[in-house]
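> Structure file model_36.pdb (PDB, C-alpha atoms, pLDDT in the B column) right here:
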```pdb
ATOM      1  CA  MET S   1     -61.258 -16.859 -55.130  1.00 91.00           C
ATOM      2  CA  LYS S   2     -60.465 -15.031 -58.376  1.00 91.00           C
ATOM      3  CA  LYS S   3     -63.507 -12.812 -57.841  1.00 93.00           C
ATOM      4  CA  VAL S   4     -62.312 -11.805 -54.378  1.00 95.00           C
ATOM      5  CA  ILE S   5     -58.808 -11.046 -55.664  1.00 97.00           C
ATOM      6  CA  ASN S   6     -60.190  -8.886 -58.486  1.00 96.00           C
ATOM      7  CA  ILE S   7     -62.372  -6.937 -56.045  1.00 97.00           C
ATOM      8  CA  LEU S   8     -59.446  -6.499 -53.642  1.00 97.00           C
ATOM      9  CA  LEU S   9     -57.179  -5.277 -56.449  1.00 98.00           C
ATOM     10  CA  LEU S  10     -59.809  -2.726 -57.464  1.00 98.00           C
ATOM     11  CA  ILE S  11     -60.267  -1.498 -53.893  1.00 98.00           C
ATOM     12  CA  ILE S  12     -56.507  -1.251 -53.376  1.00 98.00           C
ATOM     13  CA  TRP S  13     -56.144   0.751 -56.599  1.00 98.00           C
ATOM     14  CA  LEU S  14     -58.934   3.139 -55.584  1.00 98.00           C
ATOM     15  CA  ILE S  15     -57.118   3.663 -52.283  1.00 97.00           C
ATOM     16  CA  VAL S  16     -53.790   4.240 -54.060  1.00 96.00           C
ATOM     17  CA  ILE S  17     -55.355   6.950 -56.238  1.00 96.00           C
ATOM     18  CA  PHE S  18     -56.971   8.500 -53.156  1.00 95.00           C
ATOM     19  CA  LEU S  19     -53.681   8.480 -51.224  1.00 93.00           C
ATOM     20  CA  PHE S  20     -51.784  10.147 -54.075  1.00 90.00           C
ATOM     21  CA  SER S  21     -54.440  12.869 -54.165  1.00 90.00           C
ATOM     22  CA  ASN S  22     -54.379  13.189 -50.400  1.00 90.00           C
ATOM     23  CA  GLN S  23     -50.745  14.304 -50.392  1.00 86.00           C
ATOM     24  CA  VAL S  24     -50.248  18.006 -49.656  1.00 85.00           C
ATOM     25  CA  GLY S  25     -48.437  19.962 -52.356  1.00 71.00           C
ATOM     26  CA  GLU S  26     -44.966  19.652 -50.821  1.00 76.00           C
ATOM     27  CA  GLU S  27     -45.378  15.931 -50.110  1.00 76.00           C
ATOM     28  CA  SER S  28     -46.538  15.370 -53.668  1.00 69.00           C
ATOM     29  CA  LYS S  29     -43.427  17.130 -54.973  1.00 70.00           C
ATOM     30  CA  LYS S  30     -41.250  14.823 -52.836  1.00 71.00           C
ATOM     31  CA  THR S  31     -42.979  11.812 -54.400  1.00 75.00           C
ATOM     32  CA  THR S  32     -42.082  13.005 -57.889  1.00 73.00           C
ATOM     33  CA  ALA S  33     -38.593  14.267 -56.927  1.00 74.00           C
ATOM     34  CA  PRO S  34     -36.717  11.187 -58.252  1.00 82.00           C
ATOM     35  CA  ILE S  35     -38.455  11.537 -61.616  1.00 80.00           C
ATOM     36  CA  ASP S  36     -37.750  15.269 -61.622  1.00 76.00           C
ATOM     37  CA  ARG S  37     -34.038  14.572 -61.064  1.00 84.00           C
ATOM     38  CA  VAL S  38     -33.977  12.189 -64.030  1.00 82.00           C
ATOM     39  CA  VAL S  39     -35.710  14.802 -66.189  1.00 80.00           C
ATOM     40  CA  ASP S  40     -33.167  17.408 -65.047  1.00 80.00           C
ATOM     41  CA  MET S  41     -30.333  15.090 -66.154  1.00 82.00           C
ATOM     42  CA  VAL S  42     -31.901  14.058 -69.453  1.00 83.00           C
ATOM     43  CA  VAL S  43     -33.472  17.304 -70.660  1.00 84.00           C
ATOM     44  CA  LYS S  44     -30.623  19.728 -71.261  1.00 81.00           C
ATOM     45  CA  LYS S  45     -32.664  22.854 -72.023  1.00 82.00           C
ATOM     46  CA  GLU S  46     -33.962  24.325 -68.802  1.00 77.00           C
ATOM     47  CA  SER S  47     -36.977  25.825 -70.589  1.00 78.00           C
ATOM     48  CA  LYS S  48     -38.081  22.334 -71.676  1.00 82.00           C
ATOM     49  CA  ARG S  49     -37.726  20.704 -68.238  1.00 84.00           C
ATOM     50  CA  ASP S  50     -40.979  22.064 -66.779  1.00 83.00           C
ATOM     51  CA  ILE S  51     -42.874  20.935 -69.866  1.00 88.00           C
ATOM     52  CA  ALA S  52     -41.331  17.443 -69.635  1.00 87.00           C
ATOM     53  CA  LYS S  53     -42.244  17.206 -65.931  1.00 82.00           C
ATOM     54  CA  LYS S  54     -45.843  18.259 -66.609  1.00 87.00           C
ATOM     55  CA  VAL S  55     -46.145  15.740 -69.429  1.00 89.00           C
ATOM     56  CA  ILE S  56     -44.875  12.966 -67.144  1.00 89.00           C
ATOM     57  CA  ARG S  57     -47.421  13.944 -64.463  1.00 88.00           C
ATOM     58  CA  LYS S  58     -50.223  13.831 -67.037  1.00 93.00           C
ATOM     59  CA  ILE S  59     -49.012  10.432 -68.242  1.00 94.00           C
ATOM     60  CA  ALA S  60     -49.242   9.276 -64.612  1.00 92.00           C
ATOM     61  CA  HIS S  61     -52.887  10.471 -64.461  1.00 92.00           C
ATOM     62  CA  PHE S  62     -53.586   8.712 -67.761  1.00 97.00           C
ATOM     63  CA  THR S  63     -51.977   5.488 -66.547  1.00 97.00           C
ATOM     64  CA  GLU S  64     -53.781   5.513 -63.171  1.00 97.00           C
ATOM     65  CA  TYR S  65     -57.160   5.585 -64.875  1.00 98.00           C
ATOM     66  CA  CYS S  66     -56.186   3.146 -67.617  1.00 98.00           C
ATOM     67  CA  ILE S  67     -55.410   0.660 -64.854  1.00 98.00           C
ATOM     68  CA  LEU S  68     -58.604   1.603 -63.009  1.00 98.00           C
ATOM     69  CA  ALA S  69     -60.727   0.865 -66.089  1.00 98.00           C
ATOM     70  CA  LEU S  70     -59.047  -2.513 -66.577  1.00 97.00           C
ATOM     71  CA  LEU S  71     -59.578  -3.425 -62.928  1.00 98.00           C
ATOM     72  CA  ILE S  72     -63.266  -2.464 -63.092  1.00 97.00           C
ATOM     73  CA  ILE S  73     -63.644  -4.551 -66.253  1.00 97.00           C
ATOM     74  CA  ASN S  74     -62.039  -7.521 -64.481  1.00 95.00           C
ATOM     75  CA  VAL S  75     -64.554  -7.295 -61.653  1.00 96.00           C
ATOM     76  CA  ILE S  76     -67.515  -6.987 -64.014  1.00 96.00           C
ATOM     77  CA  LYS S  77     -66.271  -9.908 -66.158  1.00 92.00           C
ATOM     78  CA  ASP S  78     -66.520 -12.145 -63.119  1.00 89.00           C
ATOM     79  CA  TYR S  79     -70.285 -11.557 -62.974  1.00 89.00           C
ATOM     80  CA  LYS S  80     -71.488 -10.451 -66.405  1.00 86.00           C
ATOM     81  CA  MET S  81     -70.594 -10.719 -70.049  1.00 87.00           C
ATOM     82  CA  ILE S  82     -68.980  -7.442 -71.073  1.00 88.00           C
ATOM     83  CA  ASN S  83     -70.891  -5.570 -73.761  1.00 89.00           C
ATOM     84  CA  TYR S  84     -70.876  -1.945 -74.864  1.00 90.00           C
ATOM     85  CA  LYS S  85     -73.314  -0.917 -72.131  1.00 94.00           C
ATOM     86  CA  TRP S  86     -70.908  -2.246 -69.506  1.00 94.00           C
ATOM     87  CA  LEU S  87     -67.995  -0.463 -71.171  1.00 95.00           C
ATOM     88  CA  ILE S  88     -69.947   2.802 -71.010  1.00 96.00           C
ATOM     89  CA  PHE S  89     -70.587   2.036 -67.342  1.00 97.00           C
ATOM     90  CA  VAL S  90     -66.816   1.585 -66.824  1.00 97.00           C
ATOM     91  CA  VAL S  91     -66.067   4.960 -68.407  1.00 97.00           C
ATOM     92  CA  CYS S  92     -68.790   6.617 -66.324  1.00 97.00           C
ATOM     93  CA  MET S  93     -67.377   5.076 -63.124  1.00 98.00           C
ATOM     94  CA  CYS S  94     -63.901   6.316 -64.014  1.00 98.00           C
ATOM     95  CA  ILE S  95     -65.208   9.800 -64.815  1.00 97.00           C
ATOM     96  CA  LEU S  96     -67.115   9.944 -61.524  1.00 97.00           C
ATOM     97  CA  TYR S  97     -64.060   8.822 -59.589  1.00 97.00           C
ATOM     98  CA  ALA S  98     -61.884  11.356 -61.434  1.00 97.00           C
ATOM     99  CA  ILE S  99     -64.330  14.159 -60.598  1.00 97.00           C
ATOM    100  CA  SER S 100     -64.509  13.086 -56.959  1.00 96.00           C
ATOM    101  CA  ASP S 101     -60.720  12.827 -56.875  1.00 95.00           C
ATOM    102  CA  GLU S 102     -60.269  16.358 -58.214  1.00 95.00           C
ATOM    103  CA  TYR S 103     -62.910  17.655 -55.794  1.00 95.00           C
ATOM    104  CA  HIS S 104     -61.060  15.904 -52.962  1.00 94.00           C
ATOM    105  CA  GLN S 105     -57.886  17.748 -53.988  1.00 93.00           C
ATOM    106  CA  SER S 106     -59.647  21.076 -53.460  1.00 92.00           C
ATOM    107  CA  PHE S 107     -59.453  20.375 -49.713  1.00 92.00           C
ATOM    108  CA  ILE S 108     -55.731  19.518 -49.724  1.00 90.00           C
ATOM    109  CA  ALA S 109     -53.153  22.231 -49.023  1.00 89.00           C
ATOM    110  CA  GLY S 110     -51.055  23.069 -52.067  1.00 87.00           C
ATOM    111  CA  ARG S 111     -53.341  21.162 -54.432  1.00 88.00           C
ATOM    112  CA  GLU S 112     -56.143  22.318 -56.667  1.00 89.00           C
ATOM    113  CA  PRO S 113     -58.731  20.586 -58.823  1.00 91.00           C
ATOM    114  CA  ARG S 114     -58.213  20.697 -62.562  1.00 93.00           C
ATOM    115  CA  VAL S 115     -60.839  19.907 -65.189  1.00 95.00           C
ATOM    116  CA  PHE S 116     -58.041  19.034 -67.611  1.00 95.00           C
ATOM    117  CA  ASP S 117     -56.929  16.234 -65.264  1.00 94.00           C
ATOM    118  CA  CYS S 118     -60.445  14.763 -65.439  1.00 96.00           C
ATOM    119  CA  PHE S 119     -60.133  14.851 -69.227  1.00 96.00           C
ATOM    120  CA  ILE S 120     -56.748  13.084 -69.075  1.00 97.00           C
ATOM    121  CA  ASP S 121     -58.200  10.530 -66.630  1.00 97.00           C
ATOM    122  CA  THR S 122     -61.126   9.881 -68.974  1.00 97.00           C
ATOM    123  CA  CYS S 123     -58.750   9.375 -71.898  1.00 97.00           C
ATOM    124  CA  GLY S 124     -56.787   6.914 -69.765  1.00 98.00           C
ATOM    125  CA  SER S 125     -59.929   4.947 -68.975  1.00 98.00           C
ATOM    126  CA  LEU S 126     -60.882   4.890 -72.666  1.00 98.00           C
ATOM    127  CA  PHE S 127     -57.411   3.604 -73.477  1.00 98.00           C
ATOM    128  CA  GLY S 128     -57.868   0.872 -70.866  1.00 97.00           C
ATOM    129  CA  ILE S 129     -61.073  -0.169 -72.617  1.00 97.00           C
ATOM    130  CA  LEU S 130     -59.232  -0.145 -75.961  1.00 96.00           C
ATOM    131  CA  ILE S 131     -56.579  -2.438 -74.480  1.00 96.00           C
ATOM    132  CA  TYR S 132     -59.342  -4.759 -73.247  1.00 95.00           C
ATOM    133  CA  LYS S 133     -61.028  -4.822 -76.669  1.00 94.00           C
ATOM    134  CA  ILE S 134     -57.756  -5.439 -78.545  1.00 95.00           C
ATOM    135  CA  LYS S 135     -56.831  -8.239 -76.134  1.00 93.00           C
ATOM    136  CA  LYS S 136     -60.285  -9.778 -76.560  1.00 88.00           C
ATOM    137  CA  ILE S 137     -59.961  -9.691 -80.369  1.00 89.00           C
ATOM    138  CA  LEU S 138     -56.446 -11.135 -80.372  1.00 91.00           C
ATOM    139  CA  ILE S 139     -57.214 -13.955 -77.937  1.00 86.00           C
ATOM    140  CA  LYS S 140     -60.368 -15.182 -79.743  1.00 68.00           C
TER     141      LYS S 140
END
```
Once you've parsed the file, please lay out its structure as structure tokens.

Amino acid sequence: MKKVINILLLIIWLIVIFLFSNQVGEESKKTTAPIDRVVDMVVKKESKRDIAKKVIRKIAHFTEYCILALLIINVIKDYKMINYKWLIFVVCMCILYAISDEYHQSFIAGREPRVFDCFIDTCGSLFGILIYKIKKILIK
């Protein structure tokens, strides 16, 4: 049963990432509007607000792919012992999904693909692997 749940969680997360990317530009802005309002209240200098909002969006990218890497690892752990080859596989899967996600955005009105987002996504997946490795060391 655990295996099925892990696979379902992974599939759901892939769909969540896809649905976020499938939002047209205006819809995407509405999704982030509550966060933007908080930034507007917290960041007093108007010139710094856009930077803060961009940083938060990049942190969201990073976090999405950190979670994705951990979910992929959970699925693989159910079937194989995780070694460095499998961790490289996880990063490659995350990179491929990030590239396909950015390509997908090229077809969405008000959105555009960004190579930098793929880089951020890759860093997020590497951080997910780091979390896995630290957890594995601490739990031994």
> CA of Phe18 in chain S and CA of Glu64 in chain S are how many Å apart?
10.9 Å
> Separation of CA of Ile67 in chain S and CA of Gly124 in chain S, in Å?
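Answer for the CA of Ile67 in chain S to CA of Gly124 in chain S separation: 8.1 Å.
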> Would you write out, as a ChimeraX atom specification, every residue that the PyMOL selection byres ((chain S and resi 60) around 12) captures in this file?
/S:17,20,32,35,53-59,61-67,117,120-121,123-124
> Run through the PyMOL selection byres ((chain S and resi 69) around 8) on the given coordinates and return the selected residues as number ranges by chain.
S: 65-68, 70-73, 90-91, 94, 125-126, 128-129
> Looking at S:Lys44, S:Arg114, S:Arg49, S:Lys2, which one is nearest to Glu102 in chain S, with distances taken over all atoms listed in the file?
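Checking each of S:Lys44, S:Arg114, S:Arg49, S:Lys2 against Glu102 in chain S, counting all atoms listed in the file, the winner is S:Arg114.
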> Kindly indicate which residue among S:Ile82, S:Ile76, S:Met1, S:Ala109 lies nearest to Val24 in chain S, using only C-alpha atoms for the distances.
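So, comparing all the options, the nearest one is S:Ala109.
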> Here is a test: counting all atoms listed in the file, which residue of S:Ala52, S:Gly110, S:Glu26, S:Cys92 is nearest to Val38 in chain S?
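Nearest candidate to Val38 in chain S out of S:Ala52, S:Gly110, S:Glu26, S:Cys92: S:Ala52.
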> Please compute the CA of Ile95 in chain S-CA of Phe116 in chain S distance, one decimal, in Å.
12.0 Å
> I'd like to see the residues matched by the PyMOL selection byres ((chain S and resi 108) around 8) on this file, and ideally I'd get them as a list in words.
Asn22, Gln23, Val24, Gly25, His104, Gln105, Ser106, Phe107, Ala109, Gly110, Arg111 and Glu112 of chain S
> Go through S:Ala98, S:Val16, S:Val43, S:Ile5 and flag the residue nearest Asp78 in chain S, using only C-alpha atoms for the distances.
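Of S:Ala98, S:Val16, S:Val43, S:Ile5, the one nearest Asp78 in chain S, counting only C-alpha atoms, is S:Ile5.
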> Restricting the calculation to only C-alpha atoms: of S:Lys80, S:Val75, S:Val4, S:Leu87, which residue gets closest to Tyr132 in chain S?
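Between S:Lys80, S:Val75, S:Val4, S:Leu87, the residue approaching Tyr132 in chain S most closely is S:Leu87.
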